[in-house]
Structures are given as C-alpha cells and as structure tokens.
$ cat data.csv   # CSV, C-alpha atoms
chain,number,residue,atom,x,y,z
A,15,MET,CA,-76.5,230.3,6.1
A,16,LEU,CA,-76.9,231.8,9.5
A,17,GLY,CA,-80.2,233.4,8.5
A,18,ARG,CA,-81.5,230.1,7.2
A,19,MET,CA,-80.6,228.3,10.4
A,20,LEU,CA,-82.3,231.0,12.4
A,21,ILE,CA,-85.5,230.7,10.3
A,22,GLN,CA,-85.4,226.9,10.7
A,23,GLY,CA,-84.9,227.3,14.4
A,24,LEU,CA,-87.9,229.7,14.6
A,25,ILE,CA,-90.1,227.3,12.7
A,26,ALA,CA,-89.1,224.4,14.9
A,27,THR,CA,-89.8,226.5,18.0
A,28,ALA,CA,-93.2,227.6,16.7
A,29,ALA,CA,-94.1,224.0,15.8
A,30,LEU,CA,-93.1,222.9,19.3
A,31,ALA,CA,-95.0,225.7,20.9
A,32,ALA,CA,-98.1,224.9,18.8
A,33,LEU,CA,-98.2,221.3,19.9
A,34,PRO,CA,-99.8,221.7,23.3
A,35,PHE,CA,-102.4,224.0,21.7
A,36,ALA,CA,-103.3,221.3,19.2
A,37,ALA,CA,-103.6,218.8,22.0
A,38,MET,CA,-105.7,221.2,24.0
A,39,ALA,CA,-108.0,221.7,21.0
A,40,ALA,CA,-108.3,218.0,20.5
A,41,ASN,CA,-109.1,217.5,24.2
A,42,ALA,CA,-111.8,220.3,24.0
A,43,GLN,CA,-113.4,218.6,21.0
A,44,ARG,CA,-113.4,215.2,22.8
A,45,ASP,CA,-114.8,216.7,26.0
A,46,GLY,CA,-117.6,218.3,23.9
A,47,ILE,CA,-118.4,214.9,22.3
A,48,ILE,CA,-118.5,213.2,25.7
A,49,ALA,CA,-120.7,216.1,27.1
A,50,ASP,CA,-123.2,215.5,24.2
A,51,TYR,CA,-123.4,211.8,25.1
A,52,ALA,CA,-124.0,212.8,28.8
A,53,ALA,CA,-126.9,215.1,27.8
A,54,GLN,CA,-128.4,212.2,25.8
A,55,ALA,CA,-127.9,209.8,28.7
A,56,ARG,CA,-129.6,212.1,31.1
A,57,LYS,CA,-132.5,212.5,28.7
A,58,ALA,CA,-132.7,208.7,28.4
A,59,GLY,CA,-133.2,208.1,32.1
A,60,PRO,CA,-132.8,209.7,35.6
A,61,ALA,CA,-130.5,206.8,36.7
A,62,PHE,CA,-127.6,208.3,34.8
A,63,THR,CA,-125.0,209.9,37.2
A,64,GLY,CA,-121.9,210.1,35.0
A,65,PHE,CA,-119.7,208.0,32.8
A,66,SER,CA,-117.4,205.3,34.1
A,67,ALA,CA,-114.1,204.3,32.6
A,68,GLN,CA,-114.4,201.0,34.3
A,69,ARG,CA,-117.8,200.2,32.7
A,70,GLY,CA,-116.1,201.3,29.4
A,71,GLU,CA,-113.4,198.8,29.9
A,72,THR,CA,-115.9,196.0,30.6
A,73,LEU,CA,-117.8,196.9,27.5
A,74,PHE,CA,-114.5,196.9,25.5
A,75,ARG,CA,-113.5,193.4,26.7
A,76,ALA,CA,-116.9,191.8,26.8
A,77,ARG,CA,-117.8,189.0,24.4
A,78,TRP,CA,-121.2,189.1,22.7
A,79,THR,CA,-123.2,186.7,20.6
A,80,GLY,CA,-125.7,189.0,18.9
A,81,GLY,CA,-123.5,190.5,16.2
A,82,ASP,CA,-121.3,189.2,13.4
A,83,ALA,CA,-119.6,185.9,14.3
A,84,ARG,CA,-116.2,187.4,13.2
A,85,THR,CA,-116.4,190.2,15.7
A,86,PRO,CA,-117.7,188.9,19.0
A,87,SER,CA,-115.8,191.7,20.9
A,88,CYS,CA,-114.3,195.1,20.4
A,89,THR,CA,-111.0,193.3,21.0
A,90,SER,CA,-111.6,191.2,17.9
A,91,CYS,CA,-110.2,194.2,15.9
A,92,HIS,CA,-108.6,196.5,18.4
A,93,THR,CA,-106.7,193.7,20.3
A,94,ASP,CA,-106.6,193.3,24.1
A,95,ASN,CA,-104.4,196.4,24.3
A,96,PRO,CA,-106.1,199.6,23.0
A,97,LYS,CA,-102.7,201.2,22.8
A,98,THR,CA,-101.5,199.0,20.0
A,99,SER,CA,-102.5,198.9,16.3
A,100,GLY,CA,-105.3,196.5,15.5
A,101,GLN,CA,-106.5,194.7,12.4
A,102,ASN,CA,-110.1,194.7,10.9
A,103,ALA,CA,-111.2,191.1,11.4
A,104,LYS,CA,-113.3,191.2,8.2
A,105,THR,CA,-111.1,193.0,5.8
A,106,GLY,CA,-107.6,192.5,7.2
A,107,ARG,CA,-106.9,196.3,7.1
A,108,SER,CA,-104.7,197.6,9.9
A,109,ILE,CA,-106.4,199.9,12.5
A,110,ASP,CA,-104.6,202.7,14.3
A,111,PRO,CA,-104.6,202.4,18.1
A,112,ILE,CA,-107.9,203.4,19.7
A,113,ALA,CA,-106.4,204.7,22.9
A,114,VAL,CA,-106.1,208.5,23.0
A,115,SER,CA,-102.6,208.4,24.4
A,116,ALA,CA,-101.5,206.5,21.3
A,117,ASP,CA,-103.6,208.5,18.8
A,118,PRO,CA,-104.7,211.9,20.1
A,119,SER,CA,-107.0,212.4,17.1
A,120,ARG,CA,-109.3,209.7,18.6
A,121,PHE,CA,-112.8,210.8,19.6
A,122,THR,CA,-112.4,214.4,18.2
A,123,ASP,CA,-114.7,214.3,15.2
A,124,ALA,CA,-118.3,213.9,16.3
A,125,ALA,CA,-119.5,212.6,12.9
A,126,GLN,CA,-116.7,210.0,12.6
A,127,VAL,CA,-117.3,208.9,16.2
A,128,GLU,CA,-121.1,208.4,15.6
A,129,LYS,CA,-120.5,206.6,12.3
A,130,HIS,CA,-118.1,204.1,13.8
A,131,PHE,CA,-120.3,203.5,16.9
A,132,ALA,CA,-123.2,202.9,14.5
A,133,ARG,CA,-121.3,200.4,12.4
A,134,ASP,CA,-119.3,198.7,15.1
A,135,CYS,CA,-122.0,198.3,17.8
A,136,LYS,CA,-124.2,196.6,15.2
A,137,SER,CA,-121.3,194.4,14.2
A,138,VAL,CA,-120.1,193.5,17.7
A,139,ILE,CA,-123.2,193.6,19.9
A,140,GLY,CA,-125.9,193.3,17.2
A,141,ARG,CA,-127.7,196.5,18.2
A,142,ASP,CA,-127.1,200.2,18.6
A,143,CYS,CA,-125.1,201.3,21.7
A,144,THR,CA,-126.8,203.5,24.2
A,145,ALA,CA,-125.5,207.0,24.9
A,146,THR,CA,-124.2,205.7,28.3
A,147,GLU,CA,-122.2,202.9,26.6
A,148,LYS,CA,-120.7,205.4,24.1
A,149,GLY,CA,-119.7,207.8,26.8
A,150,ASP,CA,-118.3,205.1,29.0
A,151,TYR,CA,-116.3,203.7,26.1
A,152,ALA,CA,-114.9,207.1,25.1
A,153,THR,CA,-114.1,207.9,28.7
A,154,PHE,CA,-112.2,204.7,29.1
A,155,MET,CA,-110.2,205.3,25.9
A,156,ALA,CA,-109.5,209.0,26.9
A,157,GLY,CA,-107.7,207.6,29.9
A,158,GLN,CA,-105.7,205.0,28.0
B,184,MET,CA,-76.7,205.8,-23.7
B,185,ARG,CA,-76.8,207.3,-20.2
B,186,LEU,CA,-79.3,209.9,-21.5
B,187,ALA,CA,-81.5,207.2,-22.9
B,188,PHE,CA,-81.5,205.4,-19.5
B,189,LEU,CA,-82.4,208.6,-17.6
B,190,LEU,CA,-85.1,209.3,-20.1
B,191,ALA,CA,-86.5,205.8,-19.6
B,192,VAL,CA,-86.5,206.2,-15.8
B,193,ALA,CA,-88.2,209.6,-16.1
B,194,LEU,CA,-90.9,208.2,-18.4
B,195,LEU,CA,-91.5,205.2,-16.2
B,196,THR,CA,-91.8,207.4,-13.2
B,197,ALA,CA,-94.2,209.8,-14.9
B,198,PHE,CA,-96.3,207.1,-16.6
B,199,PRO,CA,-96.2,203.9,-14.5
B,200,ALA,CA,-98.6,202.3,-17.0
B,201,LEU,CA,-95.6,201.9,-19.3
B,202,ALA,CA,-93.8,199.9,-16.6
B,203,GLY,CA,-96.3,197.1,-17.1
B,204,ASP,CA,-99.8,196.1,-17.4
B,205,ASP,CA,-100.4,195.6,-13.6
B,206,TRP,CA,-101.4,199.2,-13.0
B,207,VAL,CA,-104.6,201.2,-12.7
B,208,PRO,CA,-105.1,204.9,-12.1
B,209,PRO,CA,-104.8,205.6,-8.3
B,210,VAL,CA,-107.6,207.1,-6.3
B,211,THR,CA,-106.9,210.9,-6.0
B,212,ASP,CA,-110.1,212.1,-4.3
B,213,LYS,CA,-109.7,212.9,-0.6
B,214,LEU,CA,-113.2,212.0,0.4
B,215,VAL,CA,-113.1,208.7,-1.5
B,216,MET,CA,-109.7,207.8,0.0
B,217,LYS,CA,-111.0,208.6,3.5
B,218,GLU,CA,-114.5,207.0,3.4
B,219,CYS,CA,-113.9,204.1,1.1
B,220,GLY,CA,-110.6,203.5,2.8
B,221,SER,CA,-112.0,203.5,6.3
B,222,CYS,CA,-112.6,199.8,6.7
B,223,HIS,CA,-110.8,198.4,3.7
B,224,MET,CA,-108.5,199.7,1.0
B,225,ALA,CA,-110.1,202.3,-1.2
B,226,PHE,CA,-110.2,200.1,-4.3
B,227,GLN,CA,-109.5,201.8,-7.6
B,228,PRO,CA,-112.7,202.4,-9.6
B,229,ALA,CA,-111.1,201.1,-12.8
B,230,PHE,CA,-111.7,197.5,-11.6
B,231,LEU,CA,-115.4,197.7,-12.1
B,232,PRO,CA,-117.7,199.3,-14.7
B,233,ALA,CA,-119.7,202.4,-13.8
B,234,ARG,CA,-123.0,200.5,-13.5
B,235,SER,CA,-121.4,198.4,-10.7
B,236,TRP,CA,-120.4,201.5,-8.7
B,237,GLN,CA,-123.9,202.8,-9.1
B,238,LYS,CA,-125.3,199.6,-7.7
B,239,MET,CA,-122.6,199.6,-4.9
B,240,MET,CA,-123.6,203.2,-3.9
B,241,ASP,CA,-127.3,202.2,-4.0
B,242,GLY,CA,-126.7,199.4,-1.5
B,243,LEU,CA,-124.5,201.0,1.3
B,244,SER,CA,-127.0,200.0,4.0
B,245,ASP,CA,-126.0,196.4,3.3
B,246,HIS,CA,-122.5,196.7,2.0
B,247,PHE,CA,-121.3,193.0,2.0
B,248,GLY,CA,-123.2,192.7,5.3
B,249,GLU,CA,-122.0,196.0,6.8
B,250,ASP,CA,-124.0,199.1,7.3
B,251,ALA,CA,-121.8,201.6,5.4
B,252,ARG,CA,-124.3,204.4,5.0
B,253,LEU,CA,-122.9,207.9,4.6
B,254,PRO,CA,-124.6,211.4,4.5
B,255,ALA,CA,-126.4,212.0,1.2
B,256,ASP,CA,-124.0,214.7,0.0
B,257,GLN,CA,-120.9,212.4,0.6
B,258,THR,CA,-122.7,209.4,-1.0
B,259,LYS,CA,-123.3,211.5,-4.2
B,260,ALA,CA,-119.8,212.9,-4.4
B,261,ILE,CA,-118.3,209.4,-4.0
B,262,ARG,CA,-120.8,207.9,-6.5
B,263,ASP,CA,-119.9,210.6,-9.1
B,264,TYR,CA,-116.1,210.1,-8.6
B,265,LEU,CA,-116.3,206.3,-8.9
B,266,SER,CA,-118.6,206.4,-11.9
B,267,ALA,CA,-116.5,209.0,-13.7
B,268,ASN,CA,-113.3,206.9,-13.2
B,269,ALA,CA,-114.8,203.4,-13.7
B,270,GLY,CA,-113.1,200.8,-15.8
B,271,ASP,CA,-115.4,201.2,-18.8
B,272,VAL,CA,-114.8,204.9,-18.7
B,273,VAL,CA,-111.1,205.3,-18.2
B,274,THR,CA,-110.0,202.0,-20.0
B,275,ARG,CA,-106.4,202.6,-18.9
B,276,GLY,CA,-103.9,200.1,-17.6
B,277,ARG,CA,-105.3,196.8,-16.2
B,278,ALA,CA,-108.9,198.2,-16.5
B,279,ARG,CA,-109.0,197.1,-20.1
B,280,LYS,CA,-108.3,193.4,-19.2
B,281,TYR,CA,-110.8,193.5,-16.4
B,282,MET,CA,-113.5,195.0,-18.5
B,283,GLN,CA,-113.0,192.3,-21.2
B,284,TRP,CA,-114.3,189.8,-18.7
B,285,VAL,CA,-117.4,191.7,-17.8
B,286,SER,CA,-120.4,190.9,-20.1
B,287,PRO,CA,-122.7,193.8,-21.0
B,288,GLY,CA,-125.6,192.3,-19.0
B,289,ASP,CA,-123.5,191.8,-15.8
B,290,THR,CA,-123.2,194.2,-12.9
B,291,PRO,CA,-120.4,192.6,-10.8
B,292,LEU,CA,-119.8,193.9,-7.2
B,293,ARG,CA,-116.8,191.8,-6.3
B,294,ILE,CA,-113.5,192.7,-8.0
B,295,THR,CA,-112.1,189.4,-6.7
B,296,GLU,CA,-114.6,187.4,-8.9
B,297,ASN,CA,-113.3,188.8,-12.1
B,298,PRO,CA,-111.6,186.0,-14.1
B,299,ASP,CA,-108.5,188.1,-14.7
B,300,PHE,CA,-108.2,188.4,-10.9
B,301,GLU,CA,-108.7,184.7,-10.4
B,302,ARG,CA,-106.2,183.8,-13.1
B,303,LYS,CA,-103.5,185.8,-11.3
B,304,HIS,CA,-104.4,184.6,-7.8
B,305,ARG,CA,-104.3,180.8,-7.9
B,306,PHE,CA,-102.8,180.2,-4.4
B,307,ALA,CA,-103.0,177.5,-1.9
B,308,ASP,CA,-105.5,177.9,0.9
B,309,LYS,CA,-102.8,178.6,3.5
B,310,VAL,CA,-101.8,181.7,1.6
B,311,TRP,CA,-105.3,183.1,1.7
B,312,LYS,CA,-105.6,182.1,5.4
B,313,ALA,CA,-102.4,183.8,6.5
B,314,PRO,CA,-103.1,186.2,9.4
B,315,LYS,CA,-102.0,189.3,7.4
B,316,VAL,CA,-104.3,188.4,4.5
B,317,VAL,CA,-107.7,187.5,6.2
B,318,THR,CA,-109.7,188.0,2.9
B,319,LYS,CA,-109.1,188.2,-0.9
B,320,SER,CA,-109.9,191.8,-1.0
B,321,ASN,CA,-107.0,192.8,1.3
B,322,CYS,CA,-104.8,193.8,-1.7
B,323,PRO,CA,-102.1,195.7,0.3
B,324,ALA,CA,-101.3,192.6,2.4
B,325,CYS,CA,-99.2,191.5,-0.5
B,326,HIS,CA,-99.2,194.4,-3.0
B,327,LEU,CA,-97.3,197.0,-1.2
B,328,GLY,CA,-98.1,199.7,-3.8
B,329,ALA,CA,-101.8,198.8,-4.1
B,330,ASP,CA,-102.9,202.2,-2.8
B,331,LYS,CA,-101.0,203.8,-5.7
B,332,GLY,CA,-102.5,201.5,-8.2
B,333,MET,CA,-99.4,199.4,-8.6
B,334,TYR,CA,-99.9,195.6,-8.6
B,335,ASP,CA,-96.8,194.4,-10.3
B,336,ASP,CA,-95.0,193.2,-7.2
B,337,ASP,CA,-95.9,189.5,-7.5
$ encode --input "data.csv" --output "structure tokens"
Amino acid sequence: MLGRMLIQGLIATAALAALPFAAMAANAQRDGIIADYAAQARKAGPAFTGFSAQRGETLFRARWTGGDARTPSCTSCHTDNPKTSGQNAKTGRSIDPIAVSADPSRFTDAAQVEKHFARDCKSVIGRDCTATEKGDYATFMAGQ
Amino acid sequence: MRLAFLLAVALLTAFPALAGDDWVPPVTDKLVMKECGSCHMAFQPAFLPARSWQKMMDGLSDHFGEDARLPADQTKAIRDYLSANAGDVVTRGRARKYMQWVSPGDTPLRITENPDFERKHRFADKVWKAPKVVTKSNCPACHLGADKGMYDDD
C-alpha cells in the first residue's frame, strides 16, 4: 500500500516536472515556425523589419469581402475572443481556442499551420496570405 | 434471470448493432479521424458506396467549395480506408438501408440526400437553423454518440 502510494507520488511528480519541458518544446517549435515565416518575408521584400502582434490582431478582426460570404472574418469562426472555443461557420463543428495560452499546441505543427492558413485565408480573404500576415497572426496568437 | 440480463448488457456493449439499426461501424483510423474530422465530423464510410469515396477523394481541391487538398500519401491512405469500409463493402448496421437507396448508376456525395436520411430528419426549418446545428451534416449537434457510429438517440 505504502509502496503503491510512493510510486503514484513519483509518477505525479515526474509528470509535473515534465510539464514545463513539454511547454518549452512547444514554444521552440512555434518559434521555429515563426522564424521560417520571417525568412520568407525577408525574401519577399526588404521592407520587412519584423512581425507585429498589433498587425496580427488587426488582421484577425478585419472584415473582408473577397472570400466566402459565410466567413467574412477570422472571428466568424474563432469568435471575437481567441481564448474561447469557436464554431466552424460552415459545418457547425466546435473549434478549440486559437490563442496559445488556451491551447499550447497551437502553431506547433508546421504542416498543420500551413494547411490551415491555405484553407482559411482563401475562405476569409479570398486569396493566399503573405508570409508577413501569417507571422503577424501567429505572433498575435502566441501572446494571447 | 440476473445472468440473462448481464449477458444481454454484455452483448449489447460488445455489439452495439444488436441494440438497434441506427448504428454504423465507427471510424478507427487515426489519420482519417484527424484529417476528415478537422473541419467537420469524420463521417463513417458506411454511409456511402466505395465509388462515392473514390470520387470524393478525387475532388478534394473543391470539396463542397473548400480546398481540402492533402499530401498525396495521406490522400491515398484515406482513400484506401474509406473505400475498404464503404457501405457496399461492409453492409453492416444502417449501411444496408442506406445502400438500398443508392442506384447502381449513382455516385452520391452527400449523405444527407439519401432518402433514408431524409425520412428520419423531417424537421421544421427552425430546428435546422438552430445555432448549434448550422448545417444538416453536423450530426453530433444532436446525435451525441455520432463519432462512435451511434445514431439512436432521437
């Protein structure tokens, strides 16, 4: 009995100790993805001087007319508050929060991030997003 | 008596199809669950015949208006799974009834246009327009066990 409690205690301690490492790994992956977008943005034009969370927020809240009428804004699915769950405006499916503080797995899988930007930029704006827009958006969400 | 009851419970748990006809084999493939379940529920392949899934996977660049393209290896793996578990292949649970309504020359893409679906979903407009529903293909809005293939909670 005592042995079992000890083992359970050890497991719990190990899990707790591992948590910050998992978060650090996720942060490193996210930083890598944002760095990739920065490299692309620099290549696209010399005007690029870095990402801006503020521009990312403007992009997130903007209303567009070029895309699908059901999704004129990022907020159409993600709601005005990126820390809350959203709902896909076309399918009704619930969407986990897009803010990193609410879902630390956000912006950590490069292929997933690219896939969703490809789909969602077309759906909301009606065109592909630029590397600067993607980096601004990810930077905004990383701080949310 | 008690033994018979327990046996019945065990059987129904192990073979939900026995519990009723409103059941189809659930999706068990991780990639299919993830990619097909990314924007909508990962619909069970038993609701459409294999040729429909082939056509579906051929047309991902315009998937009901959405660009749902995936890398070639993933597209192939998903195509293989959906075709191998299609309604005209597995013929289990509700699949049999759905397939009875699909004529051999037809290649339907919308599960919600099957007469068996329509027959069971004759609701007022306000039901379909409820904020939690949004669209007819949002099964889990009302069927809480939809992702497990259970549709008998009506």
$ interface_residues --input "data.csv" --of "chain B" --to "chain A" --cutoff "12 Å" --atoms "all atoms listed in the file" --output "ChimeraX atom specification"
/B:217-218,220-225,243-254,311-325
$ write_last_selection --input "data.csv" --atoms "C-alpha atoms" --output "compact mmCIF listing (two decimals), keeping the file's coordinate frame"
# COMPACT_ATOMS: atom_id res chain seq x y z
CA LYS B 217 -111.00 208.60 3.50
CA GLU B 218 -114.50 207.00 3.40
CA GLY B 220 -110.60 203.50 2.80
CA SER B 221 -112.00 203.50 6.30
CA CYS B 222 -112.60 199.80 6.70
CA HIS B 223 -110.80 198.40 3.70
CA MET B 224 -108.50 199.70 1.00
CA ALA B 225 -110.10 202.30 -1.20
CA LEU B 243 -124.50 201.00 1.30
CA SER B 244 -127.00 200.00 4.00
CA ASP B 245 -126.00 196.40 3.30
CA HIS B 246 -122.50 196.70 2.00
CA PHE B 247 -121.30 193.00 2.00
CA GLY B 248 -123.20 192.70 5.30
CA GLU B 249 -122.00 196.00 6.80
CA ASP B 250 -124.00 199.10 7.30
CA ALA B 251 -121.80 201.60 5.40
CA ARG B 252 -124.30 204.40 5.00
CA LEU B 253 -122.90 207.90 4.60
CA PRO B 254 -124.60 211.40 4.50
CA TRP B 311 -105.30 183.10 1.70
CA LYS B 312 -105.60 182.10 5.40
CA ALA B 313 -102.40 183.80 6.50
CA PRO B 314 -103.10 186.20 9.40
CA LYS B 315 -102.00 189.30 7.40
CA VAL B 316 -104.30 188.40 4.50
CA VAL B 317 -107.70 187.50 6.20
CA THR B 318 -109.70 188.00 2.90
CA LYS B 319 -109.10 188.20 -0.90
CA SER B 320 -109.90 191.80 -1.00
CA ASN B 321 -107.00 192.80 1.30
CA CYS B 322 -104.80 193.80 -1.70
CA PRO B 323 -102.10 195.70 0.30
CA ALA B 324 -101.30 192.60 2.40
CA CYS B 325 -99.20 191.50 -0.50
$ residues_around --input "data.csv" --residues "Leu73 in chain A" --least-positions-apart "3" --cutoff "10 Å" --atoms "only C-alpha atoms" --output "PyMOL selection string"
chain A and resi 67-70+76-78+87-88+139+147-148+150-151+154
$ write_last_selection --input "data.csv" --atoms "C-alpha atoms" --output "CSV table (one decimal), in the frame of the given file"
chain,number,residue,atom,x,y,z
A,67,ALA,CA,-114.1,204.3,32.6
A,68,GLN,CA,-114.4,201.0,34.3
A,69,ARG,CA,-117.8,200.2,32.7
A,70,GLY,CA,-116.1,201.3,29.4
A,76,ALA,CA,-116.9,191.8,26.8
A,77,ARG,CA,-117.8,189.0,24.4
A,78,TRP,CA,-121.2,189.1,22.7
A,87,SER,CA,-115.8,191.7,20.9
A,88,CYS,CA,-114.3,195.1,20.4
A,139,ILE,CA,-123.2,193.6,19.9
A,147,GLU,CA,-122.2,202.9,26.6
A,148,LYS,CA,-120.7,205.4,24.1
A,150,ASP,CA,-118.3,205.1,29.0
A,151,TYR,CA,-116.3,203.7,26.1
A,154,PHE,CA,-112.2,204.7,29.1
$ atom_distance --input "data.csv" --atom1 "CA of Lys331 in chain B" --atom2 "CA of Gln227 in chain B"
8.9 Å
$ closest_residue --input "data.csv" --among "B:Asn268, B:Thr274, B:Gln237, B:Thr258" --to "Thr290 in chain B" --atoms "only C-alpha atoms"
B:Gln237
$ closest_residue --input "data.csv" --among "A:Ala49, A:Val138, A:Val114, A:Val127" --to "Cys91 in chain A" --atoms "only C-alpha atoms"
A:Val138
$ closest_residue --input "data.csv" --among "A:Asp94, A:Asp117, A:Asp123, A:Asp110" --to "Asp45 in chain A" --atoms "only C-alpha atoms"
A:Asp123
$ closest_residue --input "data.csv" --among "A:Ser90, A:Thr98, A:Ser119, A:Thr153" --to "Ala40 in chain A" --atoms "all atoms listed in the file"
A:Ser119
$ atom_distance --input "data.csv" --atom1 "CA of Ala329 in chain B" --atom2 "CA of Ala83 in chain A"
28.7 Å
$ closest_residue --input "data.csv" --among "B:Gly288, B:Gly242, B:Arg277, B:Gly270" --to "Phe300 in chain B" --atoms "all atoms listed in the file"
B:Arg277
$ atom_distance --input "data.csv" --atom1 "CA of Ile112 in chain A" --atom2 "CA of Asp256 in chain B"
27.8 Å
$ residues_around --input "data.csv" --residues "Pro232 in chain B" --least-positions-apart "5" --cutoff "8 Å" --atoms "only C-alpha atoms" --output "PyMOL selection string"
chain B and resi 266+269-272+282+290
$ residues_around --input "data.csv" --residues "Ser235 in chain B" --least-positions-apart "3" --cutoff "8 Å" --atoms "all atoms listed in the file" --output "list in words"
Leu231, Pro232, Lys238, Met239, Thr290, Pro291 and Leu292 of chain B
$ write_last_selection --input "data.csv" --atoms "C-alpha atoms" --output "PDB file, in the coordinates of the input"
ATOM      1  CA  LEU B 231    -115.400 197.700 -12.100  1.00  0.00           C
ATOM      2  CA  PRO B 232    -117.700 199.300 -14.700  1.00  0.00           C
ATOM      3  CA  LYS B 238    -125.300 199.600  -7.700  1.00  0.00           C
ATOM      4  CA  MET B 239    -122.600 199.600  -4.900  1.00  0.00           C
ATOM      5  CA  THR B 290    -123.200 194.200 -12.900  1.00  0.00           C
ATOM      6  CA  PRO B 291    -120.400 192.600 -10.800  1.00  0.00           C
ATOM      7  CA  LEU B 292    -119.800 193.900  -7.200  1.00  0.00           C
TER       8      LEU B 292
END
$ closest_residue --input "data.csv" --among "A:Gly100, A:Gly81, A:Gly157, A:Pro118" --to "Asn41 in chain A" --atoms "only C-alpha atoms"
A:Pro118
$ residues_around --input "data.csv" --residues "Tyr264 in chain B" --least-positions-apart "6" --cutoff "10 Å" --atoms "only C-alpha atoms" --output "ChimeraX atom specification"
/B:210-212,214-215,228,233,236
